[in-house]
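K.L.:
structure-v8.cif is reproduced below (mmCIF, C-alpha atoms).
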data_my_file
loop_
_atom_site.label_atom_id
_atom_site.label_comp_id
_atom_site.auth_asym_id
_atom_site.auth_seq_id
_atom_site.Cartn_x
_atom_site.Cartn_y
_atom_site.Cartn_z
CA MET N 26 5.84 41.09 6.26
CA LYS N 27 7.67 41.21 9.57
CA GLN N 28 10.85 43.11 8.90
CA GLU N 29 13.00 41.22 11.40
CA GLU N 30 12.33 37.94 9.61
CA TYR N 31 13.93 39.05 6.34
CA ILE N 32 17.02 40.86 5.22
CA THR N 33 17.44 42.53 1.88
CA ILE N 34 19.70 40.86 -0.65
CA GLU N 35 21.59 44.12 -0.85
CA ASP N 36 22.42 44.01 2.86
CA PHE N 37 23.36 40.36 2.67
CA CYS N 38 25.68 40.95 -0.28
CA THR N 39 27.31 43.99 1.32
CA SER N 40 27.87 42.04 4.48
CA HIS N 41 29.50 39.12 2.68
CA ASN N 42 31.24 41.16 0.02
CA ILE N 43 29.58 39.31 -2.84
CA ALA N 44 27.69 40.41 -5.93
CA SER N 45 23.89 40.31 -5.86
CA GLU N 46 23.99 38.46 -9.21
CA PHE N 47 25.59 35.55 -7.40
CA VAL N 48 22.70 35.34 -4.92
CA ILE N 49 20.18 35.57 -7.77
CA GLN N 50 22.00 32.68 -9.46
CA LEU N 51 21.70 30.64 -6.26
CA TYR N 52 17.98 31.37 -6.28
CA ASP N 53 17.66 30.45 -9.95
CA MET N 54 19.44 27.16 -9.26
CA GLY N 55 16.93 26.45 -6.47
CA LEU N 56 19.64 26.47 -3.82
CA ILE N 57 18.02 29.17 -1.67
CA ASP N 58 14.59 30.72 -1.29
CA MET N 59 13.96 34.42 -1.73
CA VAL N 60 10.99 36.74 -1.33
CA PHE N 61 10.18 39.53 -3.78
CA GLN N 62 8.25 42.55 -2.63
CA GLU N 63 8.00 46.15 -3.82
CA ASN N 64 10.91 45.78 -6.25
CA LEU N 65 13.16 44.50 -3.49
CA GLN N 66 14.51 41.03 -2.97
CA TYR N 67 14.65 39.57 0.51
CA LEU N 68 16.26 36.57 2.08
CA PRO N 69 14.18 34.93 4.82
CA LEU N 70 16.23 34.60 8.03
CA ASN N 71 15.69 30.84 8.08
CA GLN N 72 17.64 30.70 4.79
CA LEU N 73 20.64 32.46 6.28
CA PRO N 74 22.57 29.43 7.60
CA LYS N 75 22.22 27.72 4.22
CA ALA N 76 23.06 30.85 2.24
CA GLU N 77 26.10 31.60 4.39
CA LYS N 78 27.33 28.04 4.09
CA ILE N 79 27.08 28.27 0.29
CA VAL N 80 28.89 31.61 0.30
CA ARG N 81 31.68 30.14 2.45
CA LEU N 82 32.07 27.19 0.09
CA HIS N 83 32.11 29.57 -2.87
CA LEU N 84 34.71 31.93 -1.41
CA ASP N 85 36.89 29.48 0.48
CA LEU N 86 36.99 26.70 -2.10
CA GLU N 87 36.30 28.74 -5.22
CA ILE N 88 33.37 26.55 -6.21
CA ASN N 89 31.14 27.95 -8.95
CA VAL N 90 27.34 27.98 -8.81
CA GLN N 91 26.93 24.72 -10.74
CA GLY N 92 29.45 23.04 -8.45
CA LEU N 93 27.68 24.43 -5.39
CA GLY N 94 24.48 22.77 -6.58
CA VAL N 95 26.20 19.41 -6.70
CA VAL N 96 28.05 19.90 -3.40
CA THR N 97 24.96 20.94 -1.43
CA GLU N 98 22.96 18.07 -2.92
CA LEU N 99 25.67 15.58 -1.94
CA LEU N 100 26.05 17.09 1.53
CA ASP N 101 22.30 16.76 2.05
CA ARG N 102 22.47 13.13 0.93
CA ILE N 103 25.38 12.47 3.30
CA GLN N 104 23.38 14.02 6.14
CA ASP N 105 20.39 11.81 5.31
CA MET N 106 22.64 8.76 5.23
CA GLN N 107 24.23 9.70 8.54
CA ASN N 108 20.78 10.02 10.09
CA GLU N 109 19.89 6.62 8.68
CA ILE N 110 23.12 5.09 10.02
CA THR N 111 22.36 6.48 13.48
CA ALA N 112 18.83 5.07 13.34
CA LEU N 113 20.13 1.66 12.19
CA HIS N 114 22.84 1.72 14.82
CA ASN N 115 20.16 2.33 17.45
CA LYS N 116 18.17 -0.60 16.09
CA LEU N 117 21.26 -2.83 15.99
CA SER N 118 22.02 -2.16 19.65
CA ARG N 119 19.03 -4.40 20.41
CA TYR N 120 21.01 -7.41 19.26
CA GLU N 121 24.38 -6.55 20.79
CA MET X 182 55.12 27.31 22.35
CA LYS X 183 55.63 24.67 19.70
CA PHE X 184 57.17 25.34 16.32
CA ILE X 185 54.73 24.63 13.52
CA ASP X 186 56.05 23.18 10.27
CA TYR X 187 53.75 24.80 7.72
CA TYR X 188 55.40 22.93 4.84
CA LYS X 189 54.63 19.62 6.52
CA ILE X 190 51.02 20.66 7.09
CA LEU X 191 50.55 21.28 3.37
CA GLY X 192 52.67 18.26 2.43
CA LEU X 193 55.24 20.37 0.59
CA ASP X 194 58.99 20.63 0.50
CA LYS X 195 60.74 23.90 1.15
CA ASN X 196 61.39 24.57 -2.52
CA ALA X 197 57.71 24.52 -3.46
CA ASP X 198 56.68 27.42 -5.68
CA GLN X 199 53.53 29.52 -5.24
CA SER X 200 51.48 27.46 -7.68
CA GLN X 201 52.33 24.27 -5.78
CA ILE X 202 51.41 25.93 -2.49
CA LYS X 203 48.11 27.13 -3.91
CA LYS X 204 47.35 23.70 -5.34
CA ALA X 205 48.17 21.91 -2.08
CA TYR X 206 46.11 24.39 -0.09
CA ARG X 207 43.09 24.04 -2.37
CA LYS X 208 43.27 20.27 -2.29
CA MET X 209 43.45 20.09 1.49
CA ALA X 210 40.92 22.86 2.03
CA ARG X 211 38.39 20.91 -0.03
CA LYS X 212 39.01 17.85 2.07
CA TYR X 213 38.90 19.45 5.51
CA HIS X 214 36.53 22.40 5.04
CA PRO X 215 34.22 22.57 8.10
CA ASP X 216 31.13 22.84 5.90
CA ILE X 217 32.10 19.61 4.16
CA ASN X 218 32.79 17.96 7.54
CA PRO X 219 30.03 19.18 9.86
CA ASN X 220 30.52 18.42 13.57
CA ASP X 221 34.01 17.05 12.94
CA LYS X 222 36.29 18.83 15.40
CA GLU X 223 39.38 17.12 13.99
CA ALA X 224 38.65 18.37 10.47
CA GLU X 225 37.97 21.84 11.85
CA LEU X 226 41.33 21.88 13.60
CA LYS X 227 43.07 20.57 10.51
CA PHE X 228 41.42 23.22 8.35
CA LYS X 229 42.57 25.89 10.77
CA GLU X 230 46.14 24.62 10.44
CA ILE X 231 45.90 24.48 6.64
CA ASN X 232 44.51 28.00 6.53
CA GLU X 233 47.28 29.27 8.75
CA ALA X 234 49.93 27.50 6.68
CA ASN X 235 48.51 29.09 3.54
CA GLU X 236 48.47 32.52 5.19
CA VAL X 237 52.20 32.24 5.74
CA LEU X 238 53.49 30.27 2.78
CA GLY X 239 51.10 31.89 0.30
CA ASP X 240 52.43 35.35 1.14
CA PRO X 241 56.03 35.75 -0.13
CA GLU X 242 56.91 38.29 2.57
CA LYS X 243 55.68 36.14 5.43
CA ARG X 244 57.16 33.04 3.89
CA LYS X 245 60.54 34.74 3.75
CA LYS X 246 60.33 35.61 7.42
CA TYR X 247 59.12 32.15 8.31
CA ASP X 248 61.89 30.47 6.29
CA LYS X 249 64.50 32.63 7.92
CA TYR X 250 63.28 32.66 11.49
CA GLY X 251 60.77 29.82 11.66
CA LYS X 252 62.51 27.64 14.19
CA ASP X 253 63.96 30.64 16.02
CA TRP X 254 60.79 32.65 15.89
CA GLN X 255 61.60 34.27 19.25
CA HIS X 256 64.19 36.38 17.42
CA ALA X 257 61.82 37.45 14.69
CA GLU X 258 60.67 40.48 16.63
CA GLU X 259 64.23 41.86 16.80
CA PHE X 260 64.56 41.28 13.08
CA GLU X 261 61.30 43.11 12.49
CA LYS X 262 62.35 46.09 14.60
CA ALA X 263 65.48 46.49 12.57
CA GLN X 264 63.56 46.23 9.34
CA ARG X 265 60.59 48.37 10.34
CA ALA X 266 62.50 51.63 10.34
CA GLY X 267 63.38 51.31 6.71
CA ARG X 268 60.19 50.30 5.04
CA ALA X 269 56.53 50.98 5.00
CA SER X 270 54.32 47.95 5.36
CA SER X 271 52.29 47.01 2.35
CA GLY X 272 50.88 43.76 3.66
CA GLN X 273 48.59 42.12 1.21
CA ARG X 274 45.15 41.43 2.58
CA ARG X 275 44.26 37.82 2.37
CA GLN X 276 41.15 35.98 3.14
CA ALA X 277 41.09 33.90 6.24
CA TYR X 278 38.34 31.49 7.02
CA SER X 279 37.01 32.46 10.39
CA GLN X 280 33.39 31.92 11.02
CA GLN X 281 33.36 28.36 12.29
CA PHE X 282 36.07 28.61 14.86
CA GLU X 283 35.69 29.55 18.44
CA GLY X 284 38.36 31.86 19.82
CA SER X 285 41.41 32.82 17.85
CA ASP X 286 41.76 31.63 14.26
CA PHE X 287 45.51 31.43 14.45
CA SER X 288 47.97 29.54 16.60
CA ASP X 289 50.04 31.19 19.31
CA PHE X 290 53.05 30.49 17.11
CA PHE X 291 51.51 32.44 14.24
CA GLU X 292 50.46 35.35 16.43
CA SER X 293 53.90 35.58 18.04
CA MET X 294 55.57 35.68 14.71
CA PHE X 295 53.19 37.75 12.63
CA GLY X 296 51.47 39.85 15.26
CA GLY X 297 48.06 38.24 15.48
CA ALA X 298 45.22 37.78 13.11
CA GLY X 299 44.02 41.38 13.25
CA GLY X 300 45.69 42.29 10.00
CA PHE X 301 43.89 39.56 8.11
CA GLN X 302 40.38 40.40 9.06
CA ASN X 303 38.23 41.09 6.10
CA SER X 304 34.71 42.09 5.36
CA ARG X 305 33.52 38.47 5.44
CA ARG X 306 33.82 38.61 9.20
CA THR X 307 31.01 41.12 9.32
CA ARG X 308 27.91 38.98 9.34
CA PHE X 309 24.33 39.42 10.27
CA ARG X 310 23.73 36.22 12.09
CA GLY X 311 25.96 34.82 14.78
CA GLN X 312 27.63 31.49 14.26
CA ASP X 313 25.93 28.24 15.17
CA TYR X 314 27.41 26.24 18.00
CA ASN X 315 27.42 22.46 18.20
CA ALA X 316 27.57 20.55 21.46
CA GLU X 317 27.24 16.94 22.52
CA LEU X 318 25.34 15.93 25.62
CA LYS X 319 26.04 12.49 27.06
CA LEU X 320 23.20 10.96 29.03
CA GLN X 321 22.16 7.58 30.35
CA LEU X 322 19.02 5.90 29.02
CA ARG X 323 17.40 6.34 32.45
CA ASP X 324 17.98 10.11 32.17
CA VAL X 325 15.75 10.38 29.12
CA TYR X 326 12.89 8.28 30.47
CA LYS X 327 11.38 11.39 32.01
CA THR X 328 11.36 14.98 30.77
CA HIS X 329 13.78 16.98 32.87
CA LYS X 330 15.63 20.25 32.98
CA GLN X 331 19.38 20.31 32.63
CA THR X 332 21.94 23.10 32.83
CA LEU X 333 24.68 23.11 30.20
CA THR X 334 27.75 25.26 29.97
CA VAL X 335 28.41 26.36 26.40
CA ASN X 336 31.17 28.89 25.79
CA ASN X 337 31.21 29.81 29.49
CA LYS X 338 27.50 30.50 29.51
CA ASN X 339 25.04 28.44 31.48
CA ILE X 340 22.00 27.43 29.50
CA ARG X 341 19.06 25.66 31.10
CA ILE X 342 17.37 23.35 28.66
CA THR X 343 14.48 20.93 28.81
CA VAL X 344 15.44 17.42 27.77
CA PRO X 345 12.24 15.85 26.47
CA ALA X 346 11.53 12.25 27.47
CA GLY X 347 12.04 9.76 24.67
CA ILE X 348 14.83 11.57 22.86
CA GLU X 349 16.85 9.22 20.64
CA ASN X 350 20.54 8.46 20.66
CA GLY X 351 22.14 10.64 17.98
CA GLN X 352 19.17 13.04 17.81
CA THR X 353 19.98 16.72 17.51
CA ILE X 354 17.83 19.51 18.87
CA LYS X 355 18.15 23.18 18.08
CA ILE X 356 18.12 25.81 20.80
CA SER X 357 17.37 28.98 18.87
CA GLY X 358 19.37 32.08 19.65
CA HIS X 359 21.94 30.40 21.91
CA GLY X 360 24.75 30.35 19.36
CA GLY X 361 27.24 33.14 18.73
CA PRO X 362 26.10 36.76 19.00
CA GLY X 363 24.78 38.43 15.85
CA HIS X 364 26.54 41.29 14.16
CA GLN X 365 25.17 44.67 13.24
CA GLY X 366 21.98 44.00 15.14
CA GLY X 367 21.45 40.62 13.49
CA PRO X 368 20.09 37.59 15.33
CA ASN X 369 22.23 35.25 17.39
CA GLY X 370 23.20 31.90 15.92
CA ASP X 371 21.64 28.69 17.16
CA LEU X 372 22.92 26.01 19.48
CA TYR X 373 22.66 22.44 18.18
CA ILE X 374 22.81 19.75 20.85
CA THR X 375 23.37 16.16 19.78
CA PHE X 376 22.43 13.56 22.36
CA SER X 377 24.69 10.61 23.00
CA ILE X 378 22.68 8.14 25.03
CA ASP X 379 24.41 5.27 26.74
CA ASN X 380 22.34 2.27 27.74
CA ASN X 381 23.58 0.42 30.81
CA THR X 382 20.22 -1.15 31.61
CA ARG X 383 19.12 -4.72 30.88
CA PHE X 384 16.59 -3.37 28.39
CA LYS X 385 17.31 -2.97 24.70
CA ARG X 386 15.68 0.02 23.04
CA ASP X 387 14.41 0.33 19.49
CA GLY X 388 12.62 3.63 19.05
CA ASN X 389 9.78 3.68 21.56
CA HIS X 390 9.83 -0.04 22.23
CA LEU X 391 11.85 -1.87 24.84
CA TYR X 392 13.00 -5.47 24.74
CA SER X 393 14.03 -7.74 27.59
CA THR X 394 14.63 -11.41 28.27
CA VAL X 395 13.42 -13.20 31.38
CA ASP X 396 14.25 -16.68 32.59
CA LEU X 397 11.39 -19.16 32.82
CA ASP X 398 11.64 -22.43 34.72
CA LEU X 399 10.58 -25.68 33.10
CA TYR X 400 7.56 -26.29 35.30
CA THR X 401 6.02 -22.82 34.79
CA SER X 402 6.73 -23.21 31.11
CA LEU X 403 4.88 -26.54 30.99
CA LEU X 404 2.10 -25.96 33.47
CA GLY X 405 1.69 -22.19 33.26
CA GLY X 406 1.67 -19.82 36.20
CA GLU X 407 2.43 -16.29 37.26
CA ILE X 408 5.82 -14.58 37.26
CA THR X 409 7.02 -11.10 38.18
CA VAL X 410 8.94 -9.24 35.48
CA ASP X 411 10.86 -5.98 35.62
CA THR X 412 9.64 -3.08 33.55
CA PHE X 413 11.72 0.07 33.02
CA ASP X 414 10.15 1.81 36.01
CA GLY X 415 8.89 -1.00 38.19
CA GLN X 416 7.56 -4.55 38.11
CA VAL X 417 4.45 -6.26 36.77
CA LYS X 418 2.92 -9.67 37.29
CA LEU X 419 2.61 -11.71 34.14
CA LYS X 420 0.51 -14.79 33.52
CA VAL X 421 2.36 -17.52 31.65
CA LYS X 422 0.26 -19.79 29.51
CA PRO X 423 0.69 -23.56 29.93
CA GLU X 424 3.04 -25.16 27.38
CA THR X 425 4.87 -21.93 26.64
CA LYS X 426 7.80 -22.57 24.31
CA ASN X 427 11.34 -21.28 24.76
CA GLY X 428 11.83 -17.95 22.94
CA THR X 429 8.16 -16.97 23.10
CA THR X 430 7.74 -13.21 23.16
CA VAL X 431 4.89 -11.43 24.87
CA LYS X 432 3.98 -7.78 24.47
CA LEU X 433 3.31 -5.56 27.46
CA LYS X 434 1.41 -2.68 25.94
CA GLY X 435 2.40 0.78 27.09
CA LYS X 436 5.31 -0.46 29.20
CA GLY X 437 7.97 0.67 26.74
CA PHE X 438 9.78 3.98 26.34
CA PRO X 439 8.06 7.37 26.29
CA VAL X 440 7.18 8.66 22.82
CA TYR X 441 9.17 11.84 22.07
CA LYS X 442 7.12 14.96 22.75
CA LYS X 443 3.92 13.00 23.34
CA GLU X 444 3.23 13.35 27.01
CA GLY X 445 1.88 10.17 28.61
CA VAL X 446 2.26 8.03 25.47
CA TYR X 447 4.56 5.03 25.69
CA GLY X 448 5.78 2.31 23.38
CA ASP X 449 5.55 -1.37 24.30
CA LEU X 450 7.78 -3.75 26.22
CA TYR X 451 8.53 -7.08 24.55
CA VAL X 452 9.49 -9.82 26.97
CA THR X 453 11.13 -12.96 25.58
CA TYR X 454 11.17 -16.12 27.68
CA ASN X 455 14.41 -17.96 28.14
CA LEU X 456 13.65 -21.49 29.27
CA ILE X 457 15.88 -22.80 32.04
CA THR X 458 16.04 -26.58 32.25
CA PRO X 459 16.78 -28.09 35.65
CA THR X 460 20.28 -29.36 36.37
CA ASN X 461 21.80 -31.56 39.09
CA LEU X 462 18.79 -33.87 39.01
CA THR X 463 18.25 -36.18 41.96
CA GLU X 464 17.70 -39.90 41.42
CA LYS X 465 14.04 -39.44 42.13
CA GLU X 466 13.72 -36.62 39.59
CA LYS X 467 15.53 -38.70 36.98
CA ALA X 468 13.14 -41.57 37.61
CA LEU X 469 10.12 -39.31 37.28
CA PHE X 470 11.41 -37.76 34.04
CA LYS X 471 12.01 -41.27 32.66
CA GLU X 472 8.45 -42.10 33.58
CA LEU X 473 7.26 -38.99 31.75
CA ALA X 474 9.37 -39.91 28.75
CA GLU X 475 7.83 -43.36 28.66
CA LEU X 476 4.37 -41.81 28.55
CA ARG X 477 5.32 -39.94 25.39
CA LYS X 478 6.48 -43.09 23.56
#
So, in terms of structure tokens, how does the structure I just supplied come out?

P.N.:
Amino acid sequence: MKQEEYITIEDFCTSHNIASEFVIQLYDMGLIDMVFQENLQYLPLNQLPKAEKIVRLHLDLEINVQGLGVVTELLDRIQDMQNEITALHNKLSRYE
Amino acid sequence: MKFIDYYKILGLDKNADQSQIKKAYRKMARKYHPDINPNDKEAELKFKEINEANEVLGDPEKRKKYDKYGKDWQHAEEFEKAQRAGRASSGQRRQAYSQQFEGSDFSDFFESMFGGAGGFQNSRRTRFRGQDYNAELKLQLRDVYKTHKQTLTVNNKNIRITVPAGIENGQTIKISGHGGPGHQGGPNGDLYITFSIDNNTRFKRDGNHLYSTVDLDLYTSLLGGEITVDTFDGQVKLKVKPETKNGTTVKLKGKGFPVYKKEGVYGDLYVTYNLITPTNLTEKEKALFKELAELRK
């Protein structure tokens, strides 16, 4: 495992001033991916933007884990719809 | 420097109690949070204002100072000097959303009155990965017909990027490591560039295919012939079949737009004929058309 591609959950939690239980809950809810090795839990670096976004939503808006599941799901759906709107808009420009 | 009405920002009157302030802040924060409104600069600015208003009104000590000196904030410093001698500061640490904003998190007004944002920094500012930057690049359709290099200035840094041929309007590409610097040895954030492609050509684009309309005179339409049509990067000769109807579309294979990240592969060009009937007919032409009409009876 390349070390620079992962950070330990402990480091992540210290950095963001959150409890490791919270990150485990996010993992259990399927909101983020984690890697387990030699009794340590790691967060792949490609999960960082998503994990940090969830932490911000949790701390700034006081959203609990269940709520975060719903919010991230809806945000993903909005993003998909926006992509679809852009694609349809591009198609529509043919007829303008 | 402009006075900022924090009560107005949160939609409160001056007698609002702490629970009302908290409620108003939460409601507006949910609405304008940058993670709920990605790539929305207006929402980001609004959230910054809301956050700042909450920093002041949510802290009784700051609120008192703001209420007393708000509009005459220039005199607040004198007030503070007089007060400072007699008391030790016990400023409550409050969380301030910071990560998404470039530059200062607080307005000049706030920093003049409360001495900058330094006192509000908290451990959440210490992050591994730098923040992601978002930028929009406006290009013309002709610009994305061929792969080319382009230099962008993002946060005063010049970045040379390759714009691949065939990129779509609204498409976003990620330039890894060109976002904000990482903290504590962590990686830099990423730069996301969204392309806004304006089409001022006579071709309509749908994905990799191009569409155009060409005029066709009556005689070529009836008898067939050869015409020259414009393609995106030149001209081609096209054989027109006899008795071609108005609105007929022909496909010119491989004369469309480049396929994204597939070097040398192109979509198709669809040419639709627009039949032009002759006008200002001479007497002789009228007579000949009548003769033709008779033959069809």

K.L.:
Given the file shown, enumerate the residues that the PyMOL selection byres ((chain N and resi 50-56) around 9) captures and present them as number ranges by chain.

P.N.:
N: 45-49, 57-59, 75-76, 79, 90-91, 93-94, 97

K.L.:
Would you compute, for all listed atoms of region 336-347 of chain X, the axis-aligned bounding box grown by 8 Å on each side, and then report its centre and edge lengths in Å rounded to one decimal, as AutoDock Vina command-line options?

P.N.:
--center_x 21.4 --center_y 20.1 --center_z 28.1 --size_x 35.7 --size_y 36.7 --size_z 22.8

K.L.:
Considering only C-alpha atoms, state which residue in the set N:Met106, N:Val80, N:Leu68, N:Leu73 is at the smallest distance from Ala44 (chain N).

P.N.:
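The shortest atom-to-atom distance to Ala44 (chain N) comes from N:Val80.
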
K.L.:
Using the chain letters and numbers from this file, what does the PyMOL selection byres ((chain X and resi 358) around 7) select? Give the answer as a PyMOL selection string.

P.N.:
chain X and resi 356-357+359-360+369-371

K.L.:
What is the CA of Glu424 (chain X)-CA of Ser402 (chain X) distance in Å, reported with one decimal?

P.N.:
5.6 Å

K.L.:
From the list X:Arg477, X:His329, X:Arg211, X:Lys434, which residue is nearest chain N when using all atoms listed in the file?

P.N.:
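For chain N, the nearest of the given residues is X:Arg211.
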
K.L.:
Restrict the distance test to all atoms listed in the file, flag each residue of chain N within 8 Å of chain X, and return the flagged residues as a list of chain:residue names.

P.N.:
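Matching residues, ligands excluded from the count: N:Phe37, N:Ser40, N:His41, N:Asn42, N:Leu73, N:Lys78, N:Leu82, N:Asp85, N:Leu86, N:Leu100, N:Thr111, N:Ala112, N:Asn115, N:Lys116, N:Ser118, N:Arg119, N:Tyr120.
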
K.L.:
Between CA of Asp186 (chain X) and CA of Asp240 (chain X), what is the distance in Å, rounded to a tenth?

P.N.:
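That distance, rounded to one decimal, is 15.6 Å.
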
K.L.:
What does the distance between CA of Asn89 (chain N) and CA of Lys204 (chain X) come to in Å, to one decimal place?

P.N.:
17.1 Å

K.L.:
What would region 411-428 of chain X look like with N, CA and C atoms in place, written as an mmCIF file, in the frame of the given file?

P.N.:
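Produced file out.cif, reproduced below:
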data_model
loop_
_atom_site.group_PDB
_atom_site.id
_atom_site.type_symbol
_atom_site.label_atom_id
_atom_site.label_comp_id
_atom_site.auth_asym_id
_atom_site.auth_seq_id
_atom_site.Cartn_x
_atom_site.Cartn_y
_atom_site.Cartn_z
ATOM 1 N N ASP X 411 10.470 -7.391 35.481
ATOM 2 C CA ASP X 411 10.860 -5.980 35.620
ATOM 3 C C ASP X 411 10.417 -5.199 34.394
ATOM 4 N N THR X 412 9.853 -4.040 34.640
ATOM 5 C CA THR X 412 9.640 -3.080 33.550
ATOM 6 C C THR X 412 10.663 -1.974 33.769
ATOM 7 N N PHE X 413 10.678 -0.964 32.898
ATOM 8 C CA PHE X 413 11.720 0.070 33.020
ATOM 9 C C PHE X 413 11.570 0.857 34.320
ATOM 10 N N ASP X 414 10.333 0.998 34.791
ATOM 11 C CA ASP X 414 10.150 1.810 36.010
ATOM 12 C C ASP X 414 9.445 1.051 37.121
ATOM 13 N N GLY X 415 9.525 -0.254 37.109
ATOM 14 C CA GLY X 415 8.890 -1.000 38.190
ATOM 15 C C GLY X 415 8.808 -2.487 37.870
ATOM 16 N N GLN X 416 7.750 -3.124 38.364
ATOM 17 C CA GLN X 416 7.560 -4.550 38.110
ATOM 18 C C GLN X 416 6.086 -4.816 37.792
ATOM 19 N N VAL X 417 5.840 -5.846 37.010
ATOM 20 C CA VAL X 417 4.450 -6.260 36.770
ATOM 21 C C VAL X 417 4.348 -7.779 36.894
ATOM 22 N N LYS X 418 3.144 -8.227 37.245
ATOM 23 C CA LYS X 418 2.920 -9.670 37.290
ATOM 24 C C LYS X 418 2.409 -10.120 35.937
ATOM 25 N N LEU X 419 2.916 -11.258 35.495
ATOM 26 C CA LEU X 419 2.610 -11.710 34.140
ATOM 27 C C LEU X 419 2.140 -13.166 34.196
ATOM 28 N N LYS X 420 1.021 -13.409 33.569
ATOM 29 C CA LYS X 420 0.510 -14.790 33.520
ATOM 30 C C LYS X 420 1.184 -15.529 32.375
ATOM 31 N N VAL X 421 1.698 -16.711 32.688
ATOM 32 C CA VAL X 421 2.360 -17.520 31.650
ATOM 33 C C VAL X 421 1.405 -18.649 31.267
ATOM 34 N N LYS X 422 1.171 -18.747 29.973
ATOM 35 C CA LYS X 422 0.260 -19.790 29.510
ATOM 36 C C LYS X 422 0.916 -21.161 29.638
ATOM 37 N N PRO X 423 0.113 -22.207 29.910
ATOM 38 C CA PRO X 423 0.690 -23.560 29.930
ATOM 39 C C PRO X 423 1.312 -23.888 28.563
ATOM 40 N N GLU X 424 2.328 -24.695 28.591
ATOM 41 C CA GLU X 424 3.040 -25.160 27.380
ATOM 42 C C GLU X 424 3.642 -24.004 26.572
ATOM 43 N N THR X 425 4.190 -23.054 27.297
ATOM 44 C CA THR X 425 4.870 -21.930 26.640
ATOM 45 C C THR X 425 6.244 -22.375 26.161
ATOM 46 N N LYS X 426 6.520 -22.118 24.879
ATOM 47 C CA LYS X 426 7.800 -22.570 24.310
ATOM 48 C C LYS X 426 8.935 -21.596 24.634
ATOM 49 N N ASN X 427 10.151 -22.132 24.584
ATOM 50 C CA ASN X 427 11.340 -21.280 24.760
ATOM 51 C C ASN X 427 11.376 -20.243 23.631
ATOM 52 N N GLY X 428 11.717 -18.998 23.969
ATOM 53 C CA GLY X 428 11.830 -17.950 22.940
ATOM 54 C C GLY X 428 10.525 -17.251 22.627
#
